[in-house]
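This report refers to the structure that appears directly beneath it.
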Amino acid sequence: MKFIESETVELKKTTSEIKEAIVSIVAMLNKHQHGELFFGINNTGLVTGQNVTDKTLRDVSKAISDNIEPKIYPAISHLKIEGKSCVKVRFKGSDVPYFAYGRAYIRVADEDRQLSAKALEGMFLKKNRDKLRWDTEICKEAKLTDVSAQKVKSFLKNSGLKYDALQNALEKLKLLVDGKLLNAAVILFAKKPQVFFPNARLRCAVFGTTDTTFTIDMQDFEGDLFFLIAKAEEYILKNIHIGMRLEGLRRVDVPEIDKAAFREAIINAFCHRDYREFDSVNVAVFKDRVEIRSPGLLYGGLTIETIRTKMVSERRNELIAELFHRIHFIEKWGRGIKLILSKEPGTKFSEIGTKFIATFKRNSYYEDKKGKGKWAEDTTQKKGVEGSQKDTQKIPRKYPEELIGNQLNLLALLEKDGSFTREQLAEKLNISPETVKKNLAKLKHKKLIKRIGPDKGGHWEIVNV
């Protein structure tokens, strides 16, 4: 049998190397929570053997007991390998981090390295995260009368559950422990959560440039998480450009940033934020972008790279996440980031200071810089001139609301190709050339289009208004 050192196997020539052996045990426990150590085999795998007595085994056991914290209880045995006496130590333990002589180590390949302060902190947080979860802590000041029965009823209705009594409903949702309200119950369903948690707040601002030097608007909102999520969504929609697209004769509003994408980022911000931080969730609307800022960095060892490329999630507030899942605010399988990127591939995620930030670019800013004069991108299906009235085309909402369907459809076609003749336009819209002529005249009178060149050989141009 060939012995090779690895992340779970350590070889020592004799028990005189007991101190180094104890460090190796701790390093393997901290990495894999189990391992094996042999005395009587050198680090090349050569069996050298050593003198082994009952006292030898007791001394090894005592050294491990005296110098490793938390305590472990390994299996220590005397065995013959290639006819030579050796000592085998088998150990396991999940109460990480473990310490040898007051220091923590981690196994990397066949080496033992001392843990950094940050890595050690991460181990403690992971070990105690269930005990330290903010949302499952009892809110000592809150009483049942502070909870809004109407809010709970509405939630249960959206969850497909029945309401009988407030206390029963909260117990059903695991929001009561021994009759006492948890933090999650208060921040989701209290009449005034801000009385108990001043950071049950949303801060919103609009800036006139690409930085914070010129503030156009600033508003703060207080309330439960469902209220704050709705307000954040409303604020963004109010302060970004809204275009429209035509589906036949029906208008459909189209924000310059996909609504489903930024709504998902808002929900994630409130669901996964660190509520031990006094700060609020912030929405900042700049000329070129919208930022959604959440207190607290990524949780559970996640990185920007892993959330972008892997469908995984680690939840800082497991109970809040579970309740959001009940009403289909979030997915259980970490699909939120995937949804955002599928709708807005240019979304950037970053960690700055103690905040996690989702940044969405504003199409209006980048298209204006390119000289397009409008924010909306052409989403017409790639059919060439064979497109019809059923094509989907975004038109800037700045056009007068009183325009009728034919006029809007004409604008859509002329934005695509201003050289279309009246006959071509009539054919595409399934109307008469005379109707086309009348509506073109109306658009020209309203100064929405102008003719460049003669009737034959010229073209129509959209007037930026």
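Note on naming: chains are A, B, ... as they come in the structure tokens, residues start from 1 per chain, ligands start from 1 in the order shown.
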Contact residues around Ala321 in chain A with only C-alpha atoms at 12 Å, ignoring same-chain residues under 6 positions, as an MDAnalysis selection string: chainID A and resid 135:136 184 188 225 267:273 313:315 327:334
Looking only at strand (DSSP E or B) from DSSP on the backbone, list the matching residues of range 187-265 of chain A as a count of residues only. 28
Please identify all polymer residues within 10 Å of range 290-304 of chain A, counting only C-alpha atoms, omitting same-chain residues fewer than 6 positions from it, and present them as a PyMOL selection string. chain A and resi 122-123+125-126+129+203-204+206+232+236+239-240+257+262+265-266+268-284+312-317+347-362
Measuring atom to atom with only C-alpha atoms, identify which of A:Glu367, A:Asp59, A:Glu36, A:Glu121 is nearest to Lys92 in chain A. A:Glu36
Residues of range 144-369 of chain A in helix (DSSP H, G or I), written as a VMD selection string: chain A and resid 144 to 146 149 to 159 166 to 172 183 to 189 193 to 195 225 to 239 259 to 272 304 to 309 318 to 326 336 to 343 363 to 369
What is the CA of Leu182 in chain A-CA of Cys139 in chain A distance in Å, reported with one decimal?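 Spanning CA of Leu182 in chain A to CA of Cys139 in chain A is a straight-line distance of 5.3 Å.
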Could you pull the residues within 10 Å of Asp417 in chain A, counting only C-alpha atoms, minus those fewer than 2 positions along the same chain, as a count of residues only? 12
One decimal, in Å: what's the spacing between CA of Leu176 in chain A and CA of Asn158 in chain A?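 Taking CA of Leu176 in chain A as the start and CA of Asn158 in chain A as the end point, the length is 20.3 Å.
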Would you please work out which residue, of A:Gly418, A:Pro433, A:Gly179, A:Gly223, is nearest to Pro193 in chain A when using only C-alpha atoms? A:Gly223
Lys438 in chain A environment, 12 Å, only C-alpha atoms, sequence neighbours closer than 3 positions dropped, as an NGL selection string: :A and (406-407 or 410 or 422 or 426 or 431-435 or 441-445)
Atomic distance CA of Thr14 in chain A - CA of Asp112 in chain A, expressed in Å with one decimal: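 Computed distance, CA of Thr14 in chain A to CA of Asp112 in chain A, equals 18.3 Å.
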